[in-house]
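So the structure is just underneath, and the comments pick up after that.
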Amino acid sequence: PSGVFLHVNSLNVTLDSITVSGGRTGVVAEKTTKGLRVTGATTIDNAHVAGIALGGHDTVLEGFTVKNSRTAVRVERGAGGVVANKLSLIGGDDGLVTSGGTTGVVVKDLQTDGVGNDAIRNLSPGMQITGGQIRGGNTGMDLQAGTTVSGIQIGLTSTGIRARAADPIALDNV
């Protein structure tokens, strides 16, 4: 089961200050979802597959927490225009994971703490990551597509950044 399931052609849905605990996925947004906003004191805890699974377009994720979920935020193939601002990802296996075939992913002021494997795994060409802190885990960032990273601090990881992309990866003030 999912905490919130945005089905075919969901438009301009706002989830503000919700709490989801347990289940398969906290929030699922299908490919035809447009204009989703997840904001406020929203907390997703212990999702067995993903805290949030995004397949839609023009999504804003702002100021919420995902704890102890297998993958905190997963951006699925075909998704586009995802802006994530001031997210806190705590524990779990993977933090923010983007698939190939996604576009326009922008991450600002991301905070991760104790994510077990990859805090960020990016396969989305052109992803932008600005500001934030990654603390603990196996790999801070696994960049498998062209990515621009600036103003982020990475500490207490086995590997800070693993870069293996054919497209340019730009790192500034890391």
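By order of appearance in the structure tokens: chains A, B, ..., then residues from 1 within every chain, and ligands from 1 in the order shown.
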Considering only C-alpha atoms, return as an mmCIF file with all heavy atoms, in the first residue's frame whatever protein or nucleic-acid residues lie within 10 Å of Ala165 in chain A, sequence-local ones (same chain, fewer than 4 positions apart) excluded.
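Contents of selection.cif, freshly written:
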data_model
loop_
_atom_site.group_PDB
_atom_site.id
_atom_site.type_symbol
_atom_site.label_atom_id
_atom_site.label_comp_id
_atom_site.auth_asym_id
_atom_site.auth_seq_id
_atom_site.Cartn_x
_atom_site.Cartn_y
_atom_site.Cartn_z
ATOM 1 N N ASN A 122 22.754 10.004 -9.328
ATOM 2 C CA ASN A 122 22.162 10.753 -10.433
ATOM 3 C C ASN A 122 22.437 10.120 -11.788
ATOM 4 O O ASN A 122 23.580 9.948 -12.179
ATOM 5 C CB ASN A 122 22.687 12.190 -10.439
ATOM 6 C CG ASN A 122 22.096 12.972 -11.585
ATOM 7 O OD1 ASN A 122 20.916 12.839 -11.886
ATOM 8 N ND2 ASN A 122 22.912 13.758 -12.250
ATOM 9 N N LEU A 123 21.365 9.842 -12.515
ATOM 10 C CA LEU A 123 21.439 9.419 -13.906
ATOM 11 C C LEU A 123 20.684 10.398 -14.803
ATOM 12 O O LEU A 123 20.420 10.124 -15.957
ATOM 13 C CB LEU A 123 20.855 8.015 -14.081
ATOM 14 C CG LEU A 123 21.776 6.862 -13.678
ATOM 15 C CD1 LEU A 123 21.833 6.685 -12.179
ATOM 16 C CD2 LEU A 123 21.352 5.584 -14.346
ATOM 17 N N PRO A 125 20.628 13.702 -16.890
ATOM 18 C CA PRO A 125 21.530 14.683 -17.493
ATOM 19 C C PRO A 125 21.129 16.119 -17.153
ATOM 20 O O PRO A 125 19.954 16.468 -17.191
ATOM 21 C CB PRO A 125 21.378 14.447 -18.997
ATOM 22 C CG PRO A 125 20.717 13.125 -19.134
ATOM 23 C CD PRO A 125 19.952 12.886 -17.886
ATOM 24 N N ASP A 142 26.969 9.713 -6.266
ATOM 25 C CA ASP A 142 27.334 8.825 -7.367
ATOM 26 C C ASP A 142 26.767 9.471 -8.628
ATOM 27 O O ASP A 142 25.575 9.384 -8.898
ATOM 28 C CB ASP A 142 26.744 7.435 -7.135
ATOM 29 C CG ASP A 142 27.160 6.431 -8.199
ATOM 30 O OD1 ASP A 142 27.855 6.815 -9.164
ATOM 31 O OD2 ASP A 142 26.775 5.255 -8.065
ATOM 32 N N LEU A 143 27.628 10.178 -9.369
ATOM 33 C CA LEU A 143 27.195 10.973 -10.525
ATOM 34 C C LEU A 143 27.469 10.203 -11.804
ATOM 35 O O LEU A 143 28.609 10.086 -12.249
ATOM 36 C CB LEU A 143 27.911 12.320 -10.511
ATOM 37 C CG LEU A 143 27.773 13.118 -9.206
ATOM 38 C CD1 LEU A 143 28.577 14.407 -9.275
ATOM 39 C CD2 LEU A 143 26.315 13.383 -8.889
ATOM 40 N N GLN A 144 26.395 9.695 -12.416
ATOM 41 C CA GLN A 144 26.505 8.885 -13.620
ATOM 42 C C GLN A 144 25.989 9.620 -14.857
ATOM 43 O O GLN A 144 25.841 9.019 -15.913
ATOM 44 C CB GLN A 144 25.748 7.573 -13.426
ATOM 45 C CG GLN A 144 26.297 6.749 -12.285
ATOM 46 C CD GLN A 144 25.528 5.466 -12.076
ATOM 47 O OE1 GLN A 144 25.080 4.839 -13.021
ATOM 48 N NE2 GLN A 144 25.364 5.064 -10.823
ATOM 49 N N ALA A 145 25.717 10.907 -14.713
ATOM 50 C CA ALA A 145 25.281 11.753 -15.832
ATOM 51 C C ALA A 145 25.828 13.151 -15.573
ATOM 52 O O ALA A 145 26.220 13.479 -14.447
ATOM 53 C CB ALA A 145 23.753 11.784 -15.917
ATOM 54 N N GLY A 146 25.855 13.979 -16.606
ATOM 55 C CA GLY A 146 26.342 15.346 -16.469
ATOM 56 C C GLY A 146 25.605 16.067 -15.352
ATOM 57 O O GLY A 146 24.378 16.087 -15.318
ATOM 58 N N THR A 147 26.372 16.644 -14.405
ATOM 59 C CA THR A 147 25.800 17.262 -13.212
ATOM 60 C C THR A 147 26.601 18.500 -12.855
ATOM 61 O O THR A 147 27.817 18.521 -13.017
ATOM 62 C CB THR A 147 25.865 16.276 -12.013
ATOM 63 O OG1 THR A 147 25.316 15.022 -12.403
ATOM 64 C CG2 THR A 147 25.120 16.805 -10.813
ATOM 65 N N ILE A 169 30.923 16.942 -15.684
ATOM 66 C CA ILE A 169 30.500 17.107 -14.301
ATOM 67 C C ILE A 169 31.277 18.308 -13.772
ATOM 68 O O ILE A 169 32.498 18.323 -13.822
ATOM 69 C CB ILE A 169 30.791 15.860 -13.462
ATOM 70 C CG1 ILE A 169 29.898 14.707 -13.952
ATOM 71 C CG2 ILE A 169 30.572 16.141 -11.983
ATOM 72 C CD1 ILE A 169 30.169 13.393 -13.290
#
Among range 67-105 of chain A, which residues does DSSP mark as strand (DSSP E or B) when it is run on the backbone? Keep the chain and numbering as in the structure and answer as a PDB file with all heavy atoms, in the first residue's frame.
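Okay, result26.pdb is ready:
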ATOM      1  N   LYS A  67      12.644   9.624   6.551  1.00  0.00           N
ATOM      2  CA  LYS A  67      13.509   8.881   7.476  1.00  0.00           C
ATOM      3  C   LYS A  67      13.395   7.384   7.232  1.00  0.00           C
ATOM      4  O   LYS A  67      12.302   6.869   6.997  1.00  0.00           O
ATOM      5  CB  LYS A  67      13.094   9.135   8.924  1.00  0.00           C
ATOM      6  CG  LYS A  67      13.254  10.533   9.409  1.00  0.00           C
ATOM      7  CD  LYS A  67      13.058  10.567  10.911  1.00  0.00           C
ATOM      8  CE  LYS A  67      11.875  11.396  11.284  1.00  0.00           C
ATOM      9  NZ  LYS A  67      11.646  11.468  12.702  1.00  0.00           N
ATOM     10  N   THR A  71      14.586   3.896  -0.233  1.00  0.00           N
ATOM     11  CA  THR A  71      15.020   5.044  -1.021  1.00  0.00           C
ATOM     12  C   THR A  71      14.156   6.212  -0.571  1.00  0.00           C
ATOM     13  O   THR A  71      12.934   6.101  -0.561  1.00  0.00           O
ATOM     14  CB  THR A  71      14.836   4.810  -2.534  1.00  0.00           C
ATOM     15  OG1 THR A  71      15.622   3.685  -2.933  1.00  0.00           O
ATOM     16  CG2 THR A  71      15.255   6.022  -3.339  1.00  0.00           C
ATOM     17  N   ALA A  72      14.784   7.330  -0.234  1.00  0.00           N
ATOM     18  CA  ALA A  72      14.010   8.473   0.268  1.00  0.00           C
ATOM     19  C   ALA A  72      13.169   9.091  -0.848  1.00  0.00           C
ATOM     20  O   ALA A  72      11.956   9.173  -0.748  1.00  0.00           O
ATOM     21  CB  ALA A  72      14.939   9.503   0.888  1.00  0.00           C
ATOM     22  N   VAL A  73      13.832   9.546  -1.928  1.00  0.00           N
ATOM     23  CA  VAL A  73      13.137  10.173  -3.057  1.00  0.00           C
ATOM     24  C   VAL A  73      13.646   9.535  -4.340  1.00  0.00           C
ATOM     25  O   VAL A  73      14.849   9.525  -4.600  1.00  0.00           O
ATOM     26  CB  VAL A  73      13.381  11.701  -3.102  1.00  0.00           C
ATOM     27  CG1 VAL A  73      12.694  12.322  -4.312  1.00  0.00           C
ATOM     28  CG2 VAL A  73      12.905  12.367  -1.816  1.00  0.00           C
ATOM     29  N   ARG A  74      12.721   9.029  -5.146  1.00  0.00           N
ATOM     30  CA  ARG A  74      13.085   8.387  -6.413  1.00  0.00           C
ATOM     31  C   ARG A  74      12.387   9.135  -7.548  1.00  0.00           C
ATOM     32  O   ARG A  74      11.166   9.241  -7.565  1.00  0.00           O
ATOM     33  CB  ARG A  74      12.655   6.922  -6.383  1.00  0.00           C
ATOM     34  CG  ARG A  74      13.205   6.114  -7.526  1.00  0.00           C
ATOM     35  CD  ARG A  74      12.929   4.648  -7.349  1.00  0.00           C
ATOM     36  NE  ARG A  74      11.503   4.396  -7.432  1.00  0.00           N
ATOM     37  CZ  ARG A  74      10.913   3.329  -6.937  1.00  0.00           C
ATOM     38  NH1 ARG A  74      11.595   2.423  -6.292  1.00  0.00           N
ATOM     39  NH2 ARG A  74       9.615   3.163  -7.080  1.00  0.00           N
ATOM     40  N   VAL A  75      13.187   9.668  -8.479  1.00  0.00           N
ATOM     41  CA  VAL A  75      12.644  10.366  -9.647  1.00  0.00           C
ATOM     42  C   VAL A  75      12.684   9.382 -10.808  1.00  0.00           C
ATOM     43  O   VAL A  75      13.755   8.989 -11.272  1.00  0.00           O
ATOM     44  CB  VAL A  75      13.453  11.649  -9.963  1.00  0.00           C
ATOM     45  CG1 VAL A  75      12.844  12.384 -11.150  1.00  0.00           C
ATOM     46  CG2 VAL A  75      13.513  12.561  -8.735  1.00  0.00           C
ATOM     47  N   GLY A  80       9.968  15.185 -15.165  1.00  0.00           N
ATOM     48  CA  GLY A  80      10.668  16.409 -15.556  1.00  0.00           C
ATOM     49  C   GLY A  80      10.237  17.590 -14.721  1.00  0.00           C
ATOM     50  O   GLY A  80       9.138  17.627 -14.173  1.00  0.00           O
ATOM     51  N   GLY A  81      11.150  18.555 -14.619  1.00  0.00           N
ATOM     52  CA  GLY A  81      10.841  19.771 -13.883  1.00  0.00           C
ATOM     53  C   GLY A  81      10.657  19.545 -12.399  1.00  0.00           C
ATOM     54  O   GLY A  81       9.699  20.021 -11.801  1.00  0.00           O
ATOM     55  N   VAL A  82      11.589  18.836 -11.774  1.00  0.00           N
ATOM     56  CA  VAL A  82      11.513  18.539 -10.348  1.00  0.00           C
ATOM     57  C   VAL A  82      12.439  19.492  -9.596  1.00  0.00           C
ATOM     58  O   VAL A  82      13.636  19.534  -9.865  1.00  0.00           O
ATOM     59  CB  VAL A  82      11.909  17.077 -10.049  1.00  0.00           C
ATOM     60  CG1 VAL A  82      11.915  16.814  -8.545  1.00  0.00           C
ATOM     61  CG2 VAL A  82      10.981  16.109 -10.769  1.00  0.00           C
ATOM     62  N   VAL A  83      11.876  20.261  -8.673  1.00  0.00           N
ATOM     63  CA  VAL A  83      12.666  21.157  -7.828  1.00  0.00           C
ATOM     64  C   VAL A  83      12.538  20.667  -6.397  1.00  0.00           C
ATOM     65  O   VAL A  83      11.432  20.576  -5.863  1.00  0.00           O
ATOM     66  CB  VAL A  83      12.182  22.625  -7.938  1.00  0.00           C
ATOM     67  CG1 VAL A  83      12.945  23.509  -6.973  1.00  0.00           C
ATOM     68  CG2 VAL A  83      12.316  23.123  -9.366  1.00  0.00           C
ATOM     69  N   ALA A  84      13.680  20.340  -5.783  1.00  0.00           N
ATOM     70  CA  ALA A  84      13.717  19.880  -4.399  1.00  0.00           C
ATOM     71  C   ALA A  84      14.493  20.897  -3.581  1.00  0.00           C
ATOM     72  O   ALA A  84      15.654  21.181  -3.877  1.00  0.00           O
ATOM     73  CB  ALA A  84      14.372  18.508  -4.311  1.00  0.00           C
ATOM     74  N   ASN A  85      13.853  21.462  -2.568  1.00  0.00           N
ATOM     75  CA  ASN A  85      14.460  22.520  -1.774  1.00  0.00           C
ATOM     76  C   ASN A  85      14.320  22.202  -0.282  1.00  0.00           C
ATOM     77  O   ASN A  85      13.224  21.936   0.191  1.00  0.00           O
ATOM     78  CB  ASN A  85      13.787  23.857  -2.099  1.00  0.00           C
ATOM     79  CG  ASN A  85      14.479  25.027  -1.464  1.00  0.00           C
ATOM     80  OD1 ASN A  85      15.668  25.008  -1.197  1.00  0.00           O
ATOM     81  ND2 ASN A  85      13.713  26.073  -1.202  1.00  0.00           N
ATOM     82  N   SER A  88      15.366  16.959   4.016  1.00  0.00           N
ATOM     83  CA  SER A  88      16.183  16.289   5.009  1.00  0.00           C
ATOM     84  C   SER A  88      15.957  14.788   4.845  1.00  0.00           C
ATOM     85  O   SER A  88      14.836  14.308   5.021  1.00  0.00           O
ATOM     86  CB  SER A  88      15.788  16.748   6.409  1.00  0.00           C
ATOM     87  OG  SER A  88      16.567  16.094   7.375  1.00  0.00           O
ATOM     88  N   LEU A  89      17.029  14.069   4.489  1.00  0.00           N
ATOM     89  CA  LEU A  89      16.946  12.629   4.258  1.00  0.00           C
ATOM     90  C   LEU A  89      17.806  11.943   5.309  1.00  0.00           C
ATOM     91  O   LEU A  89      19.024  12.126   5.348  1.00  0.00           O
ATOM     92  CB  LEU A  89      17.422  12.284   2.849  1.00  0.00           C
ATOM     93  CG  LEU A  89      16.826  13.135   1.716  1.00  0.00           C
ATOM     94  CD1 LEU A  89      17.409  12.725   0.370  1.00  0.00           C
ATOM     95  CD2 LEU A  89      15.313  13.062   1.716  1.00  0.00           C
ATOM     96  N   ILE A  90      17.173  11.137   6.162  1.00  0.00           N
ATOM     97  CA  ILE A  90      17.853  10.560   7.313  1.00  0.00           C
ATOM     98  C   ILE A  90      17.753   9.041   7.266  1.00  0.00           C
ATOM     99  O   ILE A  90      16.656   8.485   7.157  1.00  0.00           O
ATOM    100  CB  ILE A  90      17.227  11.085   8.629  1.00  0.00           C
ATOM    101  CG1 ILE A  90      17.318  12.612   8.676  1.00  0.00           C
ATOM    102  CG2 ILE A  90      17.892  10.451   9.837  1.00  0.00           C
ATOM    103  CD1 ILE A  90      16.476  13.248   9.742  1.00  0.00           C
ATOM    104  N   ASP A  94      19.207   4.468   0.360  1.00  0.00           N
ATOM    105  CA  ASP A  94      19.586   5.484  -0.620  1.00  0.00           C
ATOM    106  C   ASP A  94      18.796   6.757  -0.355  1.00  0.00           C
ATOM    107  O   ASP A  94      17.646   6.700   0.080  1.00  0.00           O
ATOM    108  CB  ASP A  94      19.313   5.005  -2.055  1.00  0.00           C
ATOM    109  CG  ASP A  94      20.271   3.898  -2.471  1.00  0.00           C
ATOM    110  OD1 ASP A  94      21.496   4.102  -2.360  1.00  0.00           O
ATOM    111  OD2 ASP A  94      19.796   2.837  -2.905  1.00  0.00           O
ATOM    112  N   GLY A  95      19.394   7.901  -0.671  1.00  0.00           N
ATOM    113  CA  GLY A  95      18.739   9.188  -0.472  1.00  0.00           C
ATOM    114  C   GLY A  95      17.921   9.587  -1.686  1.00  0.00           C
ATOM    115  O   GLY A  95      16.820   9.098  -1.907  1.00  0.00           O
ATOM    116  N   LEU A  96      18.482  10.475  -2.517  1.00  0.00           N
ATOM    117  CA  LEU A  96      17.826  10.958  -3.733  1.00  0.00           C
ATOM    118  C   LEU A  96      18.375  10.180  -4.913  1.00  0.00           C
ATOM    119  O   LEU A  96      19.587  10.200  -5.163  1.00  0.00           O
ATOM    120  CB  LEU A  96      18.089  12.454  -3.911  1.00  0.00           C
ATOM    121  CG  LEU A  96      17.620  13.086  -5.209  1.00  0.00           C
ATOM    122  CD1 LEU A  96      16.101  13.037  -5.322  1.00  0.00           C
ATOM    123  CD2 LEU A  96      18.113  14.514  -5.325  1.00  0.00           C
ATOM    124  N   VAL A  97      17.503   9.491  -5.648  1.00  0.00           N
ATOM    125  CA  VAL A  97      17.912   8.678  -6.798  1.00  0.00           C
ATOM    126  C   VAL A  97      17.141   9.137  -8.022  1.00  0.00           C
ATOM    127  O   VAL A  97      15.904   9.161  -8.010  1.00  0.00           O
ATOM    128  CB  VAL A  97      17.646   7.177  -6.540  1.00  0.00           C
ATOM    129  CG1 VAL A  97      17.992   6.349  -7.762  1.00  0.00           C
ATOM    130  CG2 VAL A  97      18.434   6.695  -5.329  1.00  0.00           C
ATOM    131  N   THR A  98      17.871   9.544  -9.074  1.00  0.00           N
ATOM    132  CA  THR A  98      17.221   9.938 -10.329  1.00  0.00           C
ATOM    133  C   THR A  98      17.535   8.910 -11.401  1.00  0.00           C
ATOM    134  O   THR A  98      18.655   8.404 -11.487  1.00  0.00           O
ATOM    135  CB  THR A  98      17.697  11.320 -10.809  1.00  0.00           C
ATOM    136  OG1 THR A  98      19.093  11.268 -11.079  1.00  0.00           O
ATOM    137  CG2 THR A  98      17.412  12.391  -9.764  1.00  0.00           C
ATOM    138  N   THR A 103      14.464  14.919 -16.788  1.00  0.00           N
ATOM    139  CA  THR A 103      15.030  16.213 -17.157  1.00  0.00           C
ATOM    140  C   THR A 103      14.671  17.267 -16.116  1.00  0.00           C
ATOM    141  O   THR A 103      13.677  17.136 -15.404  1.00  0.00           O
ATOM    142  CB  THR A 103      14.489  16.703 -18.517  1.00  0.00           C
ATOM    143  OG1 THR A 103      13.059  16.793 -18.439  1.00  0.00           O
ATOM    144  CG2 THR A 103      14.877  15.760 -19.645  1.00  0.00           C
ATOM    145  N   GLY A 104      15.490  18.317 -16.069  1.00  0.00           N
ATOM    146  CA  GLY A 104      15.165  19.478 -15.254  1.00  0.00           C
ATOM    147  C   GLY A 104      15.110  19.222 -13.765  1.00  0.00           C
ATOM    148  O   GLY A 104      14.242  19.765 -13.077  1.00  0.00           O
ATOM    149  N   VAL A 105      16.036  18.437 -13.218  1.00  0.00           N
ATOM    150  CA  VAL A 105      16.056  18.175 -11.785  1.00  0.00           C
ATOM    151  C   VAL A 105      16.990  19.184 -11.114  1.00  0.00           C
ATOM    152  O   VAL A 105      18.168  19.276 -11.460  1.00  0.00           O
ATOM    153  CB  VAL A 105      16.498  16.732 -11.468  1.00  0.00           C
ATOM    154  CG1 VAL A 105      16.535  16.493  -9.965  1.00  0.00           C
ATOM    155  CG2 VAL A 105      15.581  15.722 -12.157  1.00  0.00           C
TER     156      VAL A 105
END
Fill in: For Asp58 in chain A: contacts at 12 Å, only C-alpha atoms, fewer than 2 positions along chain excluded, given as a ChimeraX atom specification
/A:10-13,29,31-38,54-56,60-61,78-84,102-106
Discussion item. So that I can see what lies close to Ala47 in chain A, please list as a list in words the residues with an atom at most 7 Å from it, counting only C-alpha atoms and leaving out residues fewer than 5 positions away in the same chain.
Written reply: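 After dropping sequence-adjacent residues, the list is Ser21, Gly22, Gly23, Arg24, Thr25, Gly26, Ser69 and Arg70 of chain A.
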Worksheet item: If you measure from CA of Gly51 in chain A to CA of Ala163 in chain A, what distance in Å do you get, rounded to one decimal?
Response: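 Atom-to-atom, CA of Gly51 in chain A to CA of Ala163 in chain A, that is 25.5 Å.
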Worksheet item: Hey, can you check how far CA of Thr19 in chain A sits from CA of Gly3 in chain A?
Response: 8.8 Å
